[in-house]
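Enquirer: Structure supplied as coords_12.pdb; contents: PDB, C-alpha atoms.
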```pdb
ATOM      1  CA  MET A 191      55.425 112.279 143.820
ATOM      2  CA  LEU A 192      56.501 113.193 147.345
ATOM      3  CA  GLN A 193      54.028 110.671 148.782
ATOM      4  CA  PHE A 194      55.376 107.970 146.489
ATOM      5  CA  ALA A 195      58.960 108.758 147.546
ATOM      6  CA  ARG A 196      57.867 108.514 151.177
ATOM      7  CA  PHE A 197      56.187 105.157 150.471
ATOM      8  CA  THR A 198      59.391 103.883 148.836
ATOM      9  CA  ALA A 199      61.563 105.079 151.737
ATOM     10  CA  ILE A 200      59.306 103.391 154.314
ATOM     11  CA  ARG A 201      59.331 100.109 152.383
ATOM     12  CA  ALA A 202      63.133 100.286 152.043
ATOM     13  CA  ALA A 203      63.486 100.844 155.795
ATOM     14  CA  LEU A 204      61.189  97.881 156.520
ATOM     15  CA  ALA A 205      63.232  95.707 154.151
ATOM     16  CA  LEU A 206      66.419  96.707 155.981
ATOM     17  CA  VAL A 207      64.879  95.926 159.384
ATOM     18  CA  THR A 208      63.728  92.555 158.042
ATOM     19  CA  LEU A 209      67.269  91.728 156.939
ATOM     20  CA  VAL A 210      68.665  92.672 160.359
ATOM     21  CA  ILE A 211      66.121  90.439 162.118
ATOM     22  CA  VAL A 212      66.787  87.573 159.707
ATOM     23  CA  SER A 213      70.539  87.933 160.254
ATOM     24  CA  LEU A 214      69.998  87.609 164.020
ATOM     25  CA  VAL A 215      67.909  84.460 163.517
ATOM     26  CA  VAL A 216      70.443  82.919 161.127
ATOM     27  CA  PHE A 217      73.397  83.754 163.370
ATOM     28  CA  SER A 218      71.570  82.403 166.428
ATOM     29  CA  LEU A 219      70.874  79.114 164.648
ATOM     30  CA  MET A 220      74.541  78.908 163.674
ATOM     31  CA  GLU A 221      75.457  79.342 167.343
ATOM     32  CA  LEU A 222      72.949  76.720 168.527
ATOM     33  CA  VAL A 223      74.554  73.946 166.469
ATOM     34  CA  PRO A 224      76.486  71.651 168.854
ATOM     35  CA  GLY A 225      80.178  72.540 168.779
ATOM     36  CA  ASP A 226      81.542  75.838 167.538
ATOM     37  CA  CYS A 227      83.466  76.459 164.341
ATOM     38  CA  ALA A 228      86.832  75.743 165.962
ATOM     39  CA  GLU A 229      85.702  72.393 167.383
ATOM     40  CA  ARG A 230      84.167  71.265 164.082
ATOM     41  CA  TYR A 231      87.286  72.177 162.130
ATOM     42  CA  LEU A 232      89.654  70.454 164.538
ATOM     43  CA  ALA A 233      87.348  67.419 164.704
ATOM     44  CA  TYR A 234      87.496  67.290 160.909
ATOM     45  CA  LYS A 235      91.320  67.436 161.076
ATOM     46  CA  ASN A 236      91.224  64.657 163.643
ATOM     47  CA  THR A 237      89.406  62.430 161.148
ATOM     48  CA  GLN A 238      92.257  63.144 158.737
ATOM     49  CA  GLY A 239      94.770  61.751 161.243
ATOM     50  CA  SER A 240      95.851  64.968 163.042
ATOM     51  CA  ALA A 241      95.763  64.751 166.848
ATOM     52  CA  ILE A 242      94.108  67.685 168.628
ATOM     53  CA  THR A 243      94.267  68.939 172.195
ATOM     54  CA  LEU A 244      92.213  71.311 174.345
ATOM     55  CA  ALA A 245      94.926  73.943 173.871
ATOM     56  CA  ASP A 246      94.503  73.662 170.103
ATOM     57  CA  ILE A 247      90.762  74.267 170.449
ATOM     58  CA  GLU A 248      91.236  77.325 172.686
ATOM     59  CA  ALA A 249      93.870  78.770 170.340
ATOM     60  CA  GLU A 250      91.582  78.278 167.352
ATOM     61  CA  ARG A 251      88.663  79.928 169.202
ATOM     62  CA  ALA A 252      90.817  82.943 170.020
ATOM     63  CA  ARG A 253      91.987  83.180 166.402
ATOM     64  CA  LEU A 254      88.418  83.149 165.121
ATOM     65  CA  GLY A 255      87.194  85.576 167.783
ATOM     66  CA  LEU A 256      84.791  83.033 169.273
ATOM     67  CA  ASP A 257      85.744  84.116 172.798
ATOM     68  CA  ARG A 258      83.945  87.455 172.302
ATOM     69  CA  PRO A 259      80.346  88.099 173.519
ATOM     70  CA  PHE A 260      77.474  86.892 171.325
ATOM     71  CA  LEU A 261      76.150  90.353 170.384
ATOM     72  CA  THR A 262      79.622  91.557 169.470
ATOM     73  CA  ARG A 263      80.157  88.602 167.159
ATOM     74  CA  TRP A 264      76.702  89.014 165.612
ATOM     75  CA  ALA A 265      77.243  92.734 164.987
ATOM     76  CA  SER A 266      80.608  91.976 163.378
ATOM     77  CA  TRP A 267      79.072  89.221 161.206
ATOM     78  CA  LEU A 268      76.181  91.502 160.201
ATOM     79  CA  ALA A 269      78.501  94.353 159.246
ATOM     80  CA  GLY A 270      80.545  91.967 157.115
ATOM     81  CA  ALA A 271      77.399  90.453 155.545
ATOM     82  CA  PHE A 272      76.208  93.851 154.300
ATOM     83  CA  GLN A 273      79.616  94.244 152.658
ATOM     84  CA  GLY A 274      79.499  90.779 151.109
ATOM     85  CA  GLU A 275      82.100  89.381 153.520
ATOM     86  CA  PHE A 276      81.171  86.317 155.614
ATOM     87  CA  GLY A 277      84.558  85.196 156.881
ATOM     88  CA  ASP A 278      86.022  81.744 156.265
ATOM     89  CA  SER A 279      84.292  78.414 155.839
ATOM     90  CA  CYS A 280      84.492  76.320 159.008
ATOM     91  CA  ILE A 281      85.677  73.146 157.306
ATOM     92  CA  LEU A 282      87.272  74.210 154.032
ATOM     93  CA  ARG A 283      89.072  77.209 155.558
ATOM     94  CA  VAL A 284      88.443  79.203 152.379
ATOM     95  CA  ASN A 285      87.004  82.702 152.245
ATOM     96  CA  ILE A 286      83.248  82.247 151.736
ATOM     97  CA  ALA A 287      82.954  85.193 149.335
ATOM     98  CA  GLN A 288      85.635  83.620 147.145
ATOM     99  CA  LEU A 289      84.139  80.144 147.535
ATOM    100  CA  LEU A 290      80.729  81.306 146.364
ATOM    101  CA  GLY A 291      82.213  83.581 143.719
ATOM    102  CA  SER A 292      79.915  83.577 140.709
ATOM    103  CA  LYS A 293      77.921  80.604 142.055
ATOM    104  CA  PHE A 294      75.488  82.894 143.873
ATOM    105  CA  TRP A 295      74.820  85.014 140.789
ATOM    106  CA  ILE A 296      74.453  81.938 138.568
ATOM    107  CA  SER A 297      72.002  80.365 141.031
ATOM    108  CA  LEU A 298      70.027  83.599 141.336
ATOM    109  CA  ALA A 299      69.958  83.985 137.548
ATOM    110  CA  ILE A 300      68.658  80.412 137.133
ATOM    111  CA  CYS A 301      65.911  80.997 139.723
ATOM    112  CA  LEU A 302      64.926  84.377 138.245
ATOM    113  CA  GLY A 303      64.993  82.882 134.750
ATOM    114  CA  SER A 304      62.622  80.136 135.901
ATOM    115  CA  LEU A 305      60.380  82.759 137.492
ATOM    116  CA  VAL A 306      60.308  84.861 134.309
ATOM    117  CA  LEU A 307      59.589  81.766 132.207
ATOM    118  CA  ALA A 308      56.759  80.706 134.513
ATOM    119  CA  TYR A 309      54.968  84.052 134.506
ATOM    120  CA  SER A 310      55.624  84.740 130.824
ATOM    121  CA  ILE A 311      53.586  81.623 130.093
ATOM    122  CA  ALA A 312      51.111  81.643 132.989
ATOM    123  CA  ILE A 313      49.855  85.234 132.732
ATOM    124  CA  PRO A 314      48.718  85.313 129.068
ATOM    125  CA  VAL A 315      47.595  81.661 129.060
ATOM    126  CA  GLY A 316      45.731  82.065 132.368
ATOM    127  CA  ILE A 317      43.936  85.166 131.103
ATOM    128  CA  ILE A 318      42.957  83.442 127.857
ATOM    129  CA  SER A 319      41.784  80.370 129.765
ATOM    130  CA  ALA A 320      39.604  82.422 132.122
ATOM    131  CA  ALA A 321      38.053  84.442 129.271
ATOM    132  CA  SER A 322      37.539  81.522 126.883
ATOM    133  CA  LYS A 323      34.312  79.515 126.784
ATOM    134  CA  ASN A 324      35.932  76.696 124.781
ATOM    135  CA  PRO A 325      35.697  73.529 126.934
ATOM    136  CA  LEU A 326      38.444  71.738 124.988
ATOM    137  CA  LEU A 327      40.902  74.589 125.592
ATOM    138  CA  ASN A 328      39.997  74.911 129.266
ATOM    139  CA  ASN A 329      40.194  71.178 129.932
ATOM    140  CA  SER A 330      43.524  70.904 128.100
ATOM    141  CA  LEU A 331      45.047  73.761 130.104
ATOM    142  CA  ARG A 332      43.647  72.321 133.307
ATOM    143  CA  PHE A 333      45.216  68.935 132.508
ATOM    144  CA  VAL A 334      48.601  70.533 131.773
ATOM    145  CA  SER A 335      48.531  72.549 135.009
ATOM    146  CA  TYR A 336      47.550  69.488 137.071
ATOM    147  CA  LEU A 337      50.350  67.521 135.436
ATOM    148  CA  GLY A 338      52.824  70.265 136.311
ATOM    149  CA  LEU A 339      51.719  70.226 139.950
ATOM    150  CA  ALA A 340      51.676  66.427 140.212
ATOM    151  CA  MET A 341      54.997  65.619 138.524
ATOM    152  CA  PRO A 342      58.029  66.457 140.723
ATOM    153  CA  ASN A 343      60.805  68.485 139.146
ATOM    154  CA  PHE A 344      63.427  65.813 139.829
ATOM    155  CA  LEU A 345      61.333  63.209 137.986
ATOM    156  CA  LEU A 346      61.060  65.535 134.977
ATOM    157  CA  ALA A 347      64.834  66.056 135.079
ATOM    158  CA  LEU A 348      65.462  62.296 135.119
ATOM    159  CA  MET A 349      63.058  61.756 132.205
ATOM    160  CA  ILE A 350      64.715  64.457 130.070
ATOM    161  CA  MET A 351      68.200  63.135 130.872
ATOM    162  CA  LEU A 352      67.136  59.563 130.029
ATOM    163  CA  VAL A 353      65.635  60.546 126.664
ATOM    164  CA  SER A 354      68.632  62.726 125.821
ATOM    165  CA  THR A 355      71.133  60.001 126.739
ATOM    166  CA  VAL A 356      69.328  57.188 124.904
ATOM    167  CA  TYR A 357      68.475  59.032 121.704
ATOM    168  CA  PHE A 358      71.143  61.740 121.442
ATOM    169  CA  GLY A 359      74.041  60.417 123.533
ATOM    170  CA  GLU A 360      74.132  63.624 125.611
ATOM    171  CA  THR A 361      73.542  63.618 129.382
ATOM    172  CA  LEU A 362      72.777  67.377 129.578
ATOM    173  CA  THR A 363      74.505  67.618 132.964
ATOM    174  CA  GLY A 364      76.532  70.547 134.287
ATOM    175  CA  LEU A 365      76.395  74.253 133.481
ATOM    176  CA  PHE A 366      79.573  74.452 131.397
ATOM    177  CA  SER A 367      81.419  72.446 128.786
ATOM    178  CA  PRO A 368      84.679  70.875 130.083
ATOM    179  CA  GLN A 369      86.879  73.500 128.374
ATOM    180  CA  TYR A 370      84.986  76.384 130.025
ATOM    181  CA  LYS A 371      84.398  74.940 133.502
ATOM    182  CA  ASP A 372      87.480  76.471 135.144
ATOM    183  CA  ALA A 373      88.202  79.133 132.514
ATOM    184  CA  PRO A 374      87.941  82.846 133.327
ATOM    185  CA  TRP A 375      84.739  84.627 132.311
ATOM    186  CA  SER A 376      84.492  85.624 128.672
ATOM    187  CA  LEU A 377      81.820  86.022 126.026
ATOM    188  CA  ASP A 378      82.373  82.433 124.872
ATOM    189  CA  LYS A 379      81.987  81.119 128.423
ATOM    190  CA  PHE A 380      78.809  83.148 128.909
ATOM    191  CA  LEU A 381      77.336  81.780 125.665
ATOM    192  CA  ASP A 382      78.312  78.279 126.770
ATOM    193  CA  LEU A 383      76.455  78.873 130.059
ATOM    194  CA  LEU A 384      73.334  79.915 128.142
ATOM    195  CA  LYS A 385      73.532  76.698 126.100
ATOM    196  CA  HIS A 386      73.412  74.615 129.288
ATOM    197  CA  ALA A 387      71.260  76.765 131.601
ATOM    198  CA  TRP A 388      68.023  76.310 129.648
ATOM    199  CA  LEU A 389      67.456  72.838 131.122
ATOM    200  CA  PRO A 390      67.503  73.747 134.854
ATOM    201  CA  ILE A 391      65.490  76.892 134.043
ATOM    202  CA  PHE A 392      62.885  74.808 132.221
ATOM    203  CA  ILE A 393      62.751  72.119 134.926
ATOM    204  CA  LEU A 394      62.456  74.603 137.800
ATOM    205  CA  GLY A 395      59.908  76.632 135.853
ATOM    206  CA  TRP A 396      57.776  73.545 135.176
ATOM    207  CA  SER A 397      55.883  73.410 138.477
ATOM    208  CA  ALA A 398      56.103  77.183 138.962
ATOM    209  CA  THR A 399      54.277  77.684 135.652
ATOM    210  CA  ALA A 400      51.540  75.228 136.630
ATOM    211  CA  PHE A 401      51.056  76.885 140.025
ATOM    212  CA  ALA A 402      51.009  80.403 138.562
ATOM    213  CA  LEU A 403      48.628  79.317 135.789
ATOM    214  CA  GLN A 404      46.115  78.026 138.310
ATOM    215  CA  THR A 405      46.417  81.225 140.343
ATOM    216  CA  VAL A 406      46.029  83.590 137.372
ATOM    217  CA  ARG A 407      43.060  81.649 136.035
ATOM    218  CA  ALA A 408      41.283  81.663 139.425
ATOM    219  CA  LEU A 409      41.855  85.395 139.982
ATOM    220  CA  MET A 410      40.777  86.298 136.451
ATOM    221  CA  SER A 411      37.647  84.149 136.674
ATOM    222  CA  ASP A 412      36.710  85.984 139.865
ATOM    223  CA  GLU A 413      37.347  89.456 138.412
ATOM    224  CA  ILE A 414      35.606  88.887 135.064
ATOM    225  CA  GLY A 415      32.241  88.355 136.740
ATOM    226  CA  LYS A 416      32.308  91.592 138.738
ATOM    227  CA  LEU A 417      29.995  94.538 138.051
ATOM    228  CA  TYR A 418      32.695  97.004 137.001
ATOM    229  CA  VAL A 419      33.647  94.693 134.119
ATOM    230  CA  THR A 420      29.995  94.399 133.074
ATOM    231  CA  ALA A 421      29.668  98.192 133.234
ATOM    232  CA  ALA A 422      32.768  98.644 131.069
ATOM    233  CA  ALA A 423      31.388  96.179 128.522
ATOM    234  CA  ALA A 424      28.115  98.116 128.484
ATOM    235  CA  ARG A 425      30.063 101.282 127.606
ATOM    236  CA  GLY A 426      31.377  99.566 124.469
ATOM    237  CA  ILE A 427      34.759  98.291 125.712
ATOM    238  CA  TYR A 428      35.314  94.691 124.657
ATOM    239  CA  GLY A 429      37.887  92.101 123.644
ATOM    240  CA  ARG A 430      41.551  92.359 124.586
ATOM    241  CA  ARG A 431      41.204  95.981 125.648
ATOM    242  CA  LEU A 432      38.507  95.085 128.190
ATOM    243  CA  LEU A 433      40.513  92.183 129.620
ATOM    244  CA  TRP A 434      43.800  94.046 130.080
ATOM    245  CA  ARG A 435      42.353  97.371 131.191
ATOM    246  CA  TYR A 436      40.018  96.059 133.886
ATOM    247  CA  PRO A 437      40.014  92.452 135.225
ATOM    248  CA  ALA A 438      43.648  91.632 134.355
ATOM    249  CA  ARG A 439      44.941  94.836 135.892
ATOM    250  CA  HIS A 440      43.267  94.047 139.210
ATOM    251  CA  ALA A 441      43.932  90.302 139.121
ATOM    252  CA  LEU A 442      47.668  90.757 138.596
ATOM    253  CA  GLY A 443      48.104  92.563 141.921
ATOM    254  CA  PRO A 444      48.233  89.380 144.051
ATOM    255  CA  ILE A 445      50.393  87.729 141.372
ATOM    256  CA  VAL A 446      52.998  90.484 141.509
ATOM    257  CA  ASN A 447      52.882  90.417 145.289
ATOM    258  CA  SER A 448      53.705  86.688 145.388
ATOM    259  CA  LEU A 449      56.932  86.870 143.334
ATOM    260  CA  GLY A 450      59.138  86.698 146.424
ATOM    261  CA  PHE A 451      57.303  83.601 147.674
ATOM    262  CA  ASP A 452      57.647  81.912 144.297
ATOM    263  CA  LEU A 453      61.374  82.746 144.149
ATOM    264  CA  ASN A 454      61.856  81.086 147.531
ATOM    265  CA  ARG A 455      59.900  78.017 146.405
ATOM    266  CA  ILE A 456      62.006  77.701 143.245
ATOM    267  CA  PHE A 457      65.249  77.959 145.210
ATOM    268  CA  ASN A 458      64.014  75.275 147.616
ATOM    269  CA  GLU A 459      63.741  72.928 144.637
ATOM    270  CA  LEU A 460      67.121  73.929 143.196
ATOM    271  CA  PRO A 461      69.402  71.706 145.380
ATOM    272  CA  ILE A 462      67.631  68.469 144.329
ATOM    273  CA  VAL A 463      67.636  69.445 140.652
ATOM    274  CA  ALA A 464      71.287  70.501 140.998
ATOM    275  CA  LEU A 465      72.138  67.119 142.522
ATOM    276  CA  ILE A 466      70.556  65.272 139.589
ATOM    277  CA  LEU A 467      72.038  67.526 136.903
ATOM    278  CA  THR A 468      75.397  67.772 138.765
ATOM    279  CA  LEU A 469      75.285  71.552 138.861
ATOM    280  CA  THR A 470      78.062  73.093 140.951
ATOM    281  CA  GLU A 471      76.131  76.133 142.143
ATOM    282  CA  MET A 472      74.862  77.599 145.405
ATOM    283  CA  GLY A 473      72.040  75.080 145.911
ATOM    284  CA  SER A 474      74.422  72.122 145.893
ATOM    285  CA  LEU A 475      76.819  73.981 148.204
ATOM    286  CA  LEU A 476      73.989  74.602 150.678
ATOM    287  CA  LEU A 477      72.971  70.941 150.595
ATOM    288  CA  ASP A 478      76.557  69.865 151.185
ATOM    289  CA  ALA A 479      77.051  72.379 154.011
ATOM    290  CA  LEU A 480      73.890  71.286 155.849
ATOM    291  CA  ALA A 481      73.824  67.541 155.248
ATOM    292  CA  ARG A 482      77.455  66.488 154.888
ATOM    293  CA  SER A 483      80.128  68.821 156.217
ATOM    294  CA  ASN A 484      77.986  70.616 158.844
ATOM    295  CA  ASP A 485      79.649  73.868 157.777
ATOM    296  CA  GLN A 486      77.301  76.341 159.448
ATOM    297  CA  GLN A 487      79.315  79.406 158.435
ATOM    298  CA  LEU A 488      78.869  78.559 154.770
ATOM    299  CA  ALA A 489      75.224  77.548 155.210
ATOM    300  CA  GLY A 490      74.439  80.748 157.131
ATOM    301  CA  ALA A 491      76.007  82.900 154.420
ATOM    302  CA  ILE A 492      73.990  81.202 151.673
ATOM    303  CA  ILE A 493      70.727  81.453 153.625
ATOM    304  CA  PHE A 494      71.351  85.140 154.331
ATOM    305  CA  LEU A 495      72.082  85.846 150.652
ATOM    306  CA  LEU A 496      68.929  83.990 149.628
ATOM    307  CA  THR A 497      66.869  85.927 152.159
ATOM    308  CA  ALA A 498      68.367  89.214 150.987
ATOM    309  CA  SER A 499      67.396  88.319 147.406
ATOM    310  CA  ILE A 500      63.809  87.520 148.428
ATOM    311  CA  VAL A 501      63.516  90.713 150.469
ATOM    312  CA  ALA A 502      64.850  92.726 147.513
ATOM    313  CA  VAL A 503      62.337  91.077 145.156
ATOM    314  CA  ASN A 504      59.502  91.773 147.615
ATOM    315  CA  PHE A 505      60.569  95.418 147.860
ATOM    316  CA  LEU A 506      60.622  95.788 144.071
ATOM    317  CA  THR A 507      57.247  94.056 143.709
ATOM    318  CA  GLU A 508      55.661  96.431 146.223
ATOM    319  CA  ILE A 509      56.942  99.383 144.213
ATOM    320  CA  LEU A 510      55.731  97.770 140.976
ATOM    321  CA  LEU A 511      52.353  97.041 142.546
ATOM    322  CA  ALA A 512      52.004 100.693 143.525
ATOM    323  CA  VAL A 513      52.728 101.664 139.909
ATOM    324  CA  ILE A 514      50.276  99.298 138.200
ATOM    325  CA  ASP A 515      47.439  99.187 140.757
ATOM    326  CA  PRO A 516      45.473 102.448 141.163
ATOM    327  CA  ARG A 517      44.039 101.261 144.484
ATOM    328  CA  VAL A 518      47.516 101.082 145.994
ATOM    329  CA  ARG A 519      48.427 104.497 144.569
ATOM    330  CA  LYS A 520      45.306 106.057 146.092
ATOM    331  CA  SER A 521      46.138 104.547 149.468
ATOM    332  CA  ILE A 522      49.611 106.140 149.215
ATOM    333  CA  ILE A 523      48.203 109.561 148.388
ATOM    334  CA  ARG A 524      45.779 109.429 151.289
TER     335      ARG A 524
END
```
Can you give me the file's structure in the form of structure tokens?
Expert:
Amino acid sequence: MLQFARFTAIRAALALVTLVIVSLVVFSLMELVPGDCAERYLAYKNTQGSAITLADIEAERARLGLDRPFLTRWASWLAGAFQGEFGDSCILRVNIAQLLGSKFWISLAICLGSLVLAYSIAIPVGIISAASKNPLLNNSLRFVSYLGLAMPNFLLALMIMLVSTVYFGETLTGLFSPQYKDAPWSLDKFLDLLKHAWLPIFILGWSATAFALQTVRALMSDEIGKLYVTAAAARGIYGRRLLWRYPARHALGPIVNSLGFDLNRIFNELPIVALILTLTEMGSLLLDALARSNDQQLAGAIIFLLTASIVAVNFLTEILLAVIDPRVRKSIIR
């Protein structure tokens, strides 16, 4: 137990160091963008018809603390980031924490929901596919997985919206009904969110399921043919008990270890799906901040929060892997 606690503490420290390094990279990229936050904001005001002078720029820099050394500003930004405070948006001049509000948690919930959906389907189906000798079943599953990898998520979203609009008169866009969009959180609003969130979860989980299915099937096919499985079958262990106790237990290690990667891949697809489904969540805000308003403060905050989520998932998967995989546990004890 002491060794396991030590393993957990070391992994937590490594996760913290990773976040610090990532924060330095993100902040450095924000600084490398031509023009600082004060110049971009005043240039935006200039497009609205407000004349700006050099004195205005210097005053704005002093107000935002941009005249301080780089390391001092990074340390201040990092300290605020760990407290959930990222300052104000460059262009909108709104507190970023308030601007994101529940959008971050909704986006994270959609991505995690897609991840859970993908693995809930891929793990049992992949195991059955690898163990089955039925060519019709294997070819059907292979066709479905290839279709999931070949068809882009945005095309699937457009197809579902087209069918829904033509046959049911419902566009299936947005995450809330009009009466709940700006309403405070309540049980009714949460239930309304669940009624709308299934579509982006399904669309984002479409390709993730296909990818995970291929991975589980390949790993299981490799493990089933190994000698320790043959030896277990010779001792009288067979059927579902044999599959879950031996090959599945070892094959799931790499699957568990790739959850953070899959979460990142799902979030990368979220902005395009959000644009099609008109979802006002963190993915669409990131796309707008990078491609339209050039609001690097907002973009940096979203990227840092996404990275923190992936690092947290990776940390939890390493702990889970140590629990379910005896080989990892033995390496901890040694």
Enquirer: For a test of reading the model, state the distance in Å between atom CA of Tyr436 of chain A and atom CA of Val419 of chain A, rounded to one decimal.
Expert: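 The value is 6.5 Å.
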Enquirer: Check which residues satisfy the PyMOL selection byres ((chain A and resi 509) around 10) in the file shown, then give them as a ChimeraX atom specification.
Expert: /A:194,197-198,201,447,503-508,510-514,518-519
Enquirer: Going by the chain IDs and residue numbers used in this file, which residues fall under the PyMOL selection byres ((chain A and resi 214) around 12)? Write them as a PyMOL selection string.
Expert: chain A and resi 207-213+215-221+260-269+271+490+494
Enquirer: Name the residues in contact with Ile393 of chain A at a cut-off of 10 Å, using only C-alpha atoms, excluding same-chain residues fewer than 3 positions from it; report them as a list in words.
Expert: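 Once the nearby chain positions are removed, what remains is Ser304, Pro342, Asn343, Phe344, Leu345, Leu346, Ala347, Ile350, Trp388, Leu389, Pro390, Trp396, Ser397, Ala398, Glu459, Leu460 and Val463 of chain A.
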Enquirer: Would you mind reading off the distance between atom CA of Ile300 of chain A and atom CA of Leu362 of chain A, one decimal, in Å?
Expert: 15.6 Å
Enquirer: Between A:Leu449, A:Ile281, A:Leu409, A:Ile391, which one has atoms that come closest to Asp478 of chain A, using all atoms listed in the file?
Expert: A:Ile281
Enquirer: Just how far from atom CA of Ala340 of chain A is atom CA of Gly303 of chain A, in Å to one decimal?
Expert: 21.9 Å
Enquirer: So which one's closest to Gly364 of chain A, A:Leu417, A:Leu467, A:Leu381, A:Leu433? Using all atoms listed in the file, please.
Expert: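 The answer is A:Leu467, which sits nearest to Gly364 of chain A.
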Enquirer: A:Gly316, A:Gly270, A:Gly429, A:Gly443: which is nearest Thr405 of chain A, counting all atoms listed in the file?
Expert: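 Of the candidates, the smallest distance to Thr405 of chain A is held by A:Gly316.
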Enquirer: Between A:Ile445, A:Leu204, A:Leu352, A:Leu394, which is the closest to Val406 of chain A once you count all atoms listed in the file?
Expert: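 Ranking A:Ile445, A:Leu204, A:Leu352, A:Leu394 by distance to Val406 of chain A, first place goes to A:Ile445.
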Enquirer: Can you turn the PyMOL selection byres ((chain A and resi 400) around 9) into a concrete residue list for this file, as a ChimeraX atom specification?
Expert: /A:308,312,334-339,395-399,401-405
Enquirer: Compare A:Leu327, A:Ile462, A:Ala422, A:Leu290 by their minimum atom-to-atom distance to Leu488 of chain A, counting all atoms listed in the file, and give me the closest one.
Expert: A:Leu290
Enquirer: So which one's closest to Ala489 of chain A, A:Thr363, A:Val223, A:Lys379, A:Asp452? Using all atoms listed in the file, please.
Expert: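 Going through A:Thr363, A:Val223, A:Lys379, A:Asp452 one by one, the smallest distance to Ala489 of chain A is for A:Val223.
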Enquirer: Neighbours of Ala321 of chain A within 8 Å (all atoms listed in the file; same-chain residues fewer than 3 positions away dropped), as number ranges by chain?
Expert: A: 317-318, 410-411, 414
Enquirer: Quick one: what's the axis-aligned box for segment 297-301 of chain A, all listed atoms, 8 Å on every side, centre and edges in Å to one decimal, as JSON?
Expert:
```
{"center_x": 69.0, "center_y": 82.2, "center_z": 139.2, "size_x": 22.1, "size_y": 19.6, "size_z": 20.2}
```
